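Chemist: Okay, here's the structure, questions in a sec.
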Amino acid sequence: MRLTDEEKRMFDGEFGEATQYSMEILVRLGDMYGADHLVEIQSAHLTGGYPEFLATVELTESFINKKGRARVVTTVNPMHQPMNFNRWPNLQEPPEYLQRAQRMINAIERIGAIPTCSCIPYFQGNLPRFGQNVAWIESSAISFANSVLGARANRLTPGIDKAAAITGRIPCFGFLLDENRKGNALVRLEYVPKNLTDYGTIGYIIGKYLGDKVPVIEGLPNHTTTNQLKALGAAAAGRGAVALYHSVGLTPEARTRKQAFGSVKPEAEIKIGPKEIADALGEINTAKDEHFDAILLGCPHPHIEEIRDLASLLAGKRVKLSAKFLIFISADVLALARHLGYAHIIEETGAEFVERDCILFFHIKHWGWKTAMTDSAKYANLLPSEPTCLDVIYKDTASCVAAATI
Ligand code: F3S
């Protein structure tokens with residue numbers, strides 16, 4: 001691995017123990033992936049961690065014990081929050097979770113990260129420009145950075161994110177290289193998506209069939225919004241491992257089909273029409289009947305526009321007592337929703353916001369819930385597995401609201 005003079009000094013310990021430890025990690029990672037140099041990063045986005053896994057807390061603390069501090073703009077993914085613990089008296093969590101969650105929050109803040117605690121860092125001031133390199137955790141955010149922004153990111157594991165934040169460097173491999181960013185699979189869309197959930201379903205199908213390829217989508221409407229691309233990318237990254245997709249005419253590296261593929265010939269081609277959508281819905285919905293214990297919205301965390309739309313769907317209704325209606329959300333969007341009155345409309349119905357958190361961090365496996373309803377293809381794909389183990393009813397937001405309210 002070629003290192004600059006400054007990087008050699010970092011590696012030799014001149015910048016302190018945490019930087020040296022981080023450089024050792026990054027050089028080893030680079031060697032594994034055949035990178036011949038490091039590149040500077042614009043920003044980092046750190047994993048928040050599951051209180052169930054003590055190792056994640058201890059790994060983060062290992063950087064703090066060596067006095068590690070972030071050198072670049074650094075944000076953090078959702079984390080289990082003390083304010084969200086034991087908020088429902090009959091659905092409590094192991095006491096050691098609170099202690100671990102608090103340790104994690106302390107460590108993240110001491111590392112110098114901005115405690116955004118959200119999976120949409122690009123809406124929270126961590127916004128790389130086209131072509132800039134970043135070291136981010138969170139598959140949906142990585143997809144957004146690569147695909148929608150044209151920034152450059154690889155899927156990283158916990159530990160690498162902190163090492164990158166502390167050094168401001170990452171090994172140059174994978175999607176940081178021009179040659180790996182061209183499309184290698186074609187998606188012909190023969191279905192007009194109508195709402196966020198449709199975009200999520202399309203992403204689910206792409207992830208299922210194309211795994212970690214770089215899909216080029218033809219046929220998304222020109223009026224597709226940034227939030228719809230967010231939903232599509234999150235589902236493709238969650239169902240498969242799609243870290244970069246192009247949409248011809250919409251995303252910055254695919255103004256044309258020729259630009260998206262360059263000289264690469266597609267290795268695979270799929271068509272998505274009404275039949276493929278119907279088949280996917282049949283597969284995603286695992287519930288045997290219409291009964292559900294919770295409605296779970298906010299995956300990825302919503303933009304204020306999504307909250308405005310939800311408020312207009314919920315206005316004047318009442319959530320049935322038989323289910324919890326939970327909306328996972330970032331603190332800044334919730335503050336704006338309160339300012340604009342949307343939060344009041346939503347909370348009046350009995351729906352609840354769960355701030356800076358994610359359902360995957362709660363201890364719901366032991367809560368007796370069997371089935372959840374969601375409008376998110378990413379949640380729908382994740383909820384049947386550990387740690388939640390729930391059956392899923394997957395519907396668009398309006399249908400979720402209709403089913404949950406009177
Ligand atoms: Fe965010 Fe949790 Fe979904 S971290 S993307 S709300 S699985």
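By convention here, the chains of the structure tokens are called A, B, ... in the order presented, each chain's residues are numbered starting at 1, and ligands are numbered starting at 1 in the order presented.
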Quick one: residues within 7 Å of segment 282-293 of chain A, only C-alpha atoms counted, chain neighbours fewer than 5 positions away excluded, as a list in words?

Modeler: Ser322, Ala323, Lys324, Trp369, Lys370, Thr371, Ala372, Met373, Ala380, Asn381, Asp391, Val392, Ile393 and Tyr394 of chain A

Chemist: Excluding Ser399 of chain A and any residue of its chain fewer than 5 positions from it, enumerate the residues within 12 Å of it, using only C-alpha atoms, and give them as a PDB file with N, CA, C and O atoms, in the first residue's frame.

Modeler:
```pdb
ATOM      1  N   ASN A 195     -46.778   5.158  -5.776  1.00  0.00           N
ATOM      2  CA  ASN A 195     -46.498   5.706  -4.445  1.00  0.00           C
ATOM      3  C   ASN A 195     -45.176   5.156  -3.942  1.00  0.00           C
ATOM      4  O   ASN A 195     -44.542   4.315  -4.599  1.00  0.00           O
ATOM      5  N   THR A 197     -44.470   3.054  -1.715  1.00  0.00           N
ATOM      6  CA  THR A 197     -44.444   1.605  -1.504  1.00  0.00           C
ATOM      7  C   THR A 197     -44.189   0.885  -2.828  1.00  0.00           C
ATOM      8  O   THR A 197     -43.451  -0.104  -2.866  1.00  0.00           O
ATOM      9  N   ILE A 295     -48.364  -1.149  13.631  1.00  0.00           N
ATOM     10  CA  ILE A 295     -48.068  -0.516  12.335  1.00  0.00           C
ATOM     11  C   ILE A 295     -46.707   0.131  12.514  1.00  0.00           C
ATOM     12  O   ILE A 295     -46.512   0.905  13.462  1.00  0.00           O
ATOM     13  N   LEU A 310     -48.558  11.941   5.675  1.00  0.00           N
ATOM     14  CA  LEU A 310     -49.134  11.061   6.693  1.00  0.00           C
ATOM     15  C   LEU A 310     -50.147  11.828   7.540  1.00  0.00           C
ATOM     16  O   LEU A 310     -51.227  11.307   7.865  1.00  0.00           O
ATOM     17  N   LEU A 313     -53.360  12.038   5.779  1.00  0.00           N
ATOM     18  CA  LEU A 313     -54.096  10.762   5.780  1.00  0.00           C
ATOM     19  C   LEU A 313     -54.739  10.487   7.144  1.00  0.00           C
ATOM     20  O   LEU A 313     -55.828   9.916   7.233  1.00  0.00           O
ATOM     21  N   LEU A 314     -54.043  10.881   8.215  1.00  0.00           N
ATOM     22  CA  LEU A 314     -54.521  10.541   9.568  1.00  0.00           C
ATOM     23  C   LEU A 314     -55.499  11.566  10.139  1.00  0.00           C
ATOM     24  O   LEU A 314     -56.221  11.258  11.097  1.00  0.00           O
ATOM     25  N   MET A 373     -47.682  -4.457  10.408  1.00  0.00           N
ATOM     26  CA  MET A 373     -48.010  -3.924   9.083  1.00  0.00           C
ATOM     27  C   MET A 373     -47.041  -2.769   8.804  1.00  0.00           C
ATOM     28  O   MET A 373     -46.732  -1.979   9.695  1.00  0.00           O
ATOM     29  N   THR A 374     -46.548  -2.694   7.581  1.00  0.00           N
ATOM     30  CA  THR A 374     -45.629  -1.614   7.244  1.00  0.00           C
ATOM     31  C   THR A 374     -45.808  -1.199   5.788  1.00  0.00           C
ATOM     32  O   THR A 374     -46.262  -1.994   4.969  1.00  0.00           O
ATOM     33  N   ASP A 375     -45.398   0.050   5.505  1.00  0.00           N
ATOM     34  CA  ASP A 375     -45.403   0.524   4.117  1.00  0.00           C
ATOM     35  C   ASP A 375     -43.997   0.488   3.531  1.00  0.00           C
ATOM     36  O   ASP A 375     -43.777   0.935   2.409  1.00  0.00           O
ATOM     37  N   ILE A 393     -47.518  -7.686   7.107  1.00  0.00           N
ATOM     38  CA  ILE A 393     -48.517  -7.241   6.124  1.00  0.00           C
ATOM     39  C   ILE A 393     -47.915  -5.975   5.497  1.00  0.00           C
ATOM     40  O   ILE A 393     -47.584  -5.024   6.216  1.00  0.00           O
ATOM     41  N   TYR A 394     -47.735  -6.013   4.188  1.00  0.00           N
ATOM     42  CA  TYR A 394     -47.039  -4.922   3.492  1.00  0.00           C
ATOM     43  C   TYR A 394     -48.042  -4.210   2.594  1.00  0.00           C
ATOM     44  O   TYR A 394     -48.607  -4.830   1.678  1.00  0.00           O
ATOM     45  N   ALA A 404     -55.634   0.714  10.225  1.00  0.00           N
ATOM     46  CA  ALA A 404     -55.297   0.913  11.639  1.00  0.00           C
ATOM     47  C   ALA A 404     -56.200   1.896  12.340  1.00  0.00           C
ATOM     48  O   ALA A 404     -56.093   2.086  13.548  1.00  0.00           O
ATOM     49  N   THR A 405     -57.090   2.554  11.616  1.00  0.00           N
ATOM     50  CA  THR A 405     -57.856   3.643  12.239  1.00  0.00           C
ATOM     51  C   THR A 405     -59.375   3.430  12.094  1.00  0.00           C
ATOM     52  O   THR A 405     -59.841   2.649  11.259  1.00  0.00           O
TER      53      THR A 405
END
```

Chemist: Using only C-alpha atoms and all ligand atoms, determine which residues fall within 10 Å of ligand 1, then list them as JSON, numbers by chain.

Modeler: {"A": [47, 48, 49, 77, 78, 79, 117, 118, 119, 120, 137, 138, 139, 140, 141, 230, 231, 234, 235, 237, 238, 296, 297, 298, 299, 300, 301, 302, 327, 328, 329, 330, 356, 357, 358, 359, 360, 361, 376, 377, 378, 379, 380, 381, 382, 383]}

Chemist: Enumerate as a ChimeraX atom specification all residues of segment 247-367 of chain A assigned to strand (DSSP E) by DSSP on the backbone, naming them with the chain letters and numbers the document uses.

Modeler: /A:247,268-272,294-297,324-329,352-355

Chemist: If DSSP is run on the backbone, what residues of segment 221-387 of chain A are alpha helix (DSSP H)? A reply as a ChimeraX atom specification would be ideal.

Modeler: /A:226-239,257-261,274-284,304-314,331-340,342-348,377-382

Chemist: Closest to Asn180 of chain A among A:Gln102, A:Thr224, A:Lys162, A:Gly262, using only C-alpha atoms?

Modeler: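 Nearest candidate to Asn180 of chain A out of A:Gln102, A:Thr224, A:Lys162, A:Gly262: A:Gly262.
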
Chemist: For Ile142 of chain A, which residue out of A:Lys182, A:Arg255, A:His45, A:Lys395 is the nearest one, using only C-alpha atoms?

Modeler: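 Closest residue, counting only C-alpha atoms: A:His45.
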
Chemist: Need to verify the contact set: Ala260 of chain A, 9 Å, only C-alpha atoms, exclusion of same-chain residues closer than 3 positions in sequence. Can you return it as a PDB file with N, CA and C atoms, in the first residue's frame?

Modeler:
```pdb
ATOM      1  N   ARG A 181     -18.072   1.452 -11.412  1.00  0.00           N
ATOM      2  CA  ARG A 181     -19.324   2.192 -11.249  1.00  0.00           C
ATOM      3  C   ARG A 181     -20.247   2.078 -12.462  1.00  0.00           C
ATOM      4  N   LYS A 182     -19.795   1.396 -13.491  1.00  0.00           N
ATOM      5  CA  LYS A 182     -20.663   1.255 -14.663  1.00  0.00           C
ATOM      6  C   LYS A 182     -21.717   0.179 -14.393  1.00  0.00           C
ATOM      7  N   GLY A 183     -22.881   0.351 -15.007  1.00  0.00           N
ATOM      8  CA  GLY A 183     -23.935  -0.642 -14.862  1.00  0.00           C
ATOM      9  C   GLY A 183     -23.514  -1.972 -15.469  1.00  0.00           C
ATOM     10  N   ASN A 184     -24.012  -3.080 -14.850  1.00  0.00           N
ATOM     11  CA  ASN A 184     -23.752  -4.399 -15.447  1.00  0.00           C
ATOM     12  C   ASN A 184     -25.004  -5.271 -15.480  1.00  0.00           C
ATOM     13  N   VAL A 216     -29.070  -0.934 -14.021  1.00  0.00           N
ATOM     14  CA  VAL A 216     -29.445   0.280 -14.753  1.00  0.00           C
ATOM     15  C   VAL A 216     -30.944   0.158 -15.031  1.00  0.00           C
ATOM     16  N   HIS A 246     -28.263   2.822 -11.235  1.00  0.00           N
ATOM     17  CA  HIS A 246     -28.450   3.992 -12.085  1.00  0.00           C
ATOM     18  C   HIS A 246     -29.877   3.951 -12.619  1.00  0.00           C
ATOM     19  N   SER A 247     -30.451   5.123 -12.808  1.00  0.00           N
ATOM     20  CA  SER A 247     -31.767   5.196 -13.437  1.00  0.00           C
ATOM     21  C   SER A 247     -31.628   6.166 -14.613  1.00  0.00           C
ATOM     22  N   VAL A 248     -31.830   5.643 -15.804  1.00  0.00           N
ATOM     23  CA  VAL A 248     -31.521   6.432 -17.006  1.00  0.00           C
ATOM     24  C   VAL A 248     -32.359   7.714 -17.026  1.00  0.00           C
ATOM     25  N   GLU A 253     -25.059   9.691 -12.928  1.00  0.00           N
ATOM     26  CA  GLU A 253     -24.089   8.991 -13.779  1.00  0.00           C
ATOM     27  C   GLU A 253     -24.785   8.233 -14.903  1.00  0.00           C
ATOM     28  N   ALA A 254     -26.054   8.550 -15.128  1.00  0.00           N
ATOM     29  CA  ALA A 254     -26.811   7.831 -16.159  1.00  0.00           C
ATOM     30  C   ALA A 254     -27.731   8.795 -16.891  1.00  0.00           C
ATOM     31  N   ARG A 255     -27.154   9.866 -17.401  1.00  0.00           N
ATOM     32  CA  ARG A 255     -28.010  10.763 -18.186  1.00  0.00           C
ATOM     33  C   ARG A 255     -28.542  10.014 -19.394  1.00  0.00           C
ATOM     34  N   THR A 256     -27.737   9.064 -19.914  1.00  0.00           N
ATOM     35  CA  THR A 256     -28.178   8.211 -21.031  1.00  0.00           C
ATOM     36  C   THR A 256     -27.838   6.762 -20.693  1.00  0.00           C
ATOM     37  N   ARG A 257     -28.434   5.849 -21.452  1.00  0.00           N
ATOM     38  CA  ARG A 257     -28.125   4.431 -21.250  1.00  0.00           C
ATOM     39  C   ARG A 257     -26.640   4.168 -21.538  1.00  0.00           C
TER      40      ARG A 257
END
```

Chemist: Compile the contact shell of Lys208 of chain A as a list in words: residues with an atom at most 9 Å away, counting only C-alpha atoms, same-chain residues fewer than 3 positions apart removed.

Modeler: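 In the requested format, the answer is Gly203, Tyr204, Ile205, Gly211, Ala236, Arg239, Gly240 and Ala241 of chain A.
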
Chemist: Could you write out that same residue set with C-alpha atoms as a PDB file, in the first residue's frame?

Modeler:
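Result went into selection29.pdb, see below:
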```
ATOM      1  CA  GLY A 203     -36.314  -2.063  -5.252  1.00  0.00           C
ATOM      2  CA  TYR A 204     -37.158  -5.356  -3.539  1.00  0.00           C
ATOM      3  CA  ILE A 205     -37.403  -7.158  -6.899  1.00  0.00           C
ATOM      4  CA  GLY A 211     -27.874  -9.231  -5.693  1.00  0.00           C
ATOM      5  CA  ALA A 236     -32.730  -2.996  -3.226  1.00  0.00           C
ATOM      6  CA  ARG A 239     -33.224  -7.400  -0.104  1.00  0.00           C
ATOM      7  CA  GLY A 240     -30.008  -7.810  -2.107  1.00  0.00           C
ATOM      8  CA  ALA A 241     -26.760  -5.955  -1.666  1.00  0.00           C
TER       9      ALA A 241
END
```

Chemist: Pick out the closest residue to Ala107 of chain A from this set: A:Leu149, A:Val57, A:Cys389, A:Ala70. Count only C-alpha atoms.

Modeler: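 So, comparing all the options, the nearest one is A:Val57.
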
Chemist: Would you list the contacts of Tyr33 of chain A as an mmCIF file with N, CA and C atoms, in the first residue's frame, taking every protein, DNA or RNA residue within 7 Å and counting only C-alpha atoms, but skipping same-chain residues closer than 3 positions in sequence?

Modeler:
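Everything below was put into part34.cif:
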```
data_model
loop_
_atom_site.group_PDB
_atom_site.id
_atom_site.type_symbol
_atom_site.label_atom_id
_atom_site.label_comp_id
_atom_site.auth_asym_id
_atom_site.auth_seq_id
_atom_site.Cartn_x
_atom_site.Cartn_y
_atom_site.Cartn_z
ATOM 1 N N LEU A 29 -7.342 -3.657 5.685
ATOM 2 C CA LEU A 29 -8.538 -3.756 4.831
ATOM 3 C C LEU A 29 -8.150 -3.541 3.360
ATOM 4 N N GLY A 30 -7.338 -2.519 3.128
ATOM 5 C CA GLY A 30 -6.905 -2.215 1.768
ATOM 6 C C GLY A 30 -6.149 -3.385 1.161
ATOM 7 N N PHE A 173 -10.941 1.206 -3.243
ATOM 8 C CA PHE A 173 -11.319 -0.020 -3.950
ATOM 9 C C PHE A 173 -12.831 0.049 -4.222
#
```

Chemist: Skip Ile364 of chain A itself and residues of its chain fewer than 5 positions away, then list as a VMD selection string all residues within 8 Å of it, counting only C-alpha atoms.

Modeler: chain A and resid 91 369 387 to 388

Chemist: Using only C-alpha atoms, which residue out of A:Ala402, A:Leu326, A:Val264, A:Val72 lies closest to Val134 of chain A?

Modeler: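 The shortest atom-to-atom distance to Val134 of chain A comes from A:Val72.
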
Chemist: For Phe175 of chain A, find every residue with an atom within 9 Å (counting only C-alpha atoms), except residues of its own chain fewer than 4 positions away, and show them as a list in words.

Modeler: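 After dropping sequence-adjacent residues, the list is Asn146, Arg152, Ala153, Asn154, Glu179, Asn180, Arg181, Ala243 and Leu244 of chain A.
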
Chemist: Would you save the residues from that selection as a CSV table (one decimal), in the first residue's frame, using N, CA and C atoms?

Modeler:
```csv
chain,number,residue,atom,x,y,z
A,146,ASN,N,-24.2,6.8,-3.4
A,146,ASN,CA,-23.7,6.4,-4.7
A,146,ASN,C,-24.6,6.7,-5.8
A,152,ARG,N,-19.2,8.6,-3.6
A,152,ARG,CA,-18.6,7.2,-3.8
A,152,ARG,C,-18.4,6.6,-2.4
A,153,ALA,N,-19.0,5.4,-2.3
A,153,ALA,CA,-19.1,4.7,-1.0
A,153,ALA,C,-19.1,3.2,-1.2
A,154,ASN,N,-18.4,2.5,-0.3
A,154,ASN,CA,-18.5,1.0,-0.2
A,154,ASN,C,-19.3,0.7,1.0
A,179,GLU,N,-14.0,2.4,-12.8
A,179,GLU,CA,-14.3,1.2,-13.6
A,179,GLU,C,-15.3,0.3,-12.9
A,180,ASN,N,-15.6,0.4,-11.6
A,180,ASN,CA,-16.6,-0.4,-11.0
A,180,ASN,C,-17.9,0.3,-10.9
A,181,ARG,N,-18.1,1.5,-11.4
A,181,ARG,CA,-19.3,2.2,-11.2
A,181,ARG,C,-20.2,2.1,-12.5
A,243,ALA,N,-25.5,-1.6,-3.9
A,243,ALA,CA,-24.9,-0.4,-3.3
A,243,ALA,C,-24.9,0.8,-4.2
A,244,LEU,N,-25.2,0.5,-5.5
A,244,LEU,CA,-25.2,1.5,-6.5
A,244,LEU,C,-26.1,1.1,-7.7
```

Chemist: Figure out the distance between atom CA of Phe53 of chain A and atom CA of Ile160 of chain A, please, to one decimal in Å.

Modeler: 17.1 Å

Chemist: If I take atom CA of Arg318 of chain A and atom CA of Glu348 of chain A, how far is one from the other in Å, to one decimal?

Modeler: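 Going from atom CA of Arg318 of chain A over to atom CA of Glu348 of chain A covers 7.8 Å.
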
Chemist: Given only C-alpha atoms as the basis, pick out the residue of A:Tyr209, A:Phe144, A:Phe362, A:Phe261 nearest to Ala101 of chain A.

Modeler: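 Of the candidates, the smallest distance to Ala101 of chain A is held by A:Phe362.
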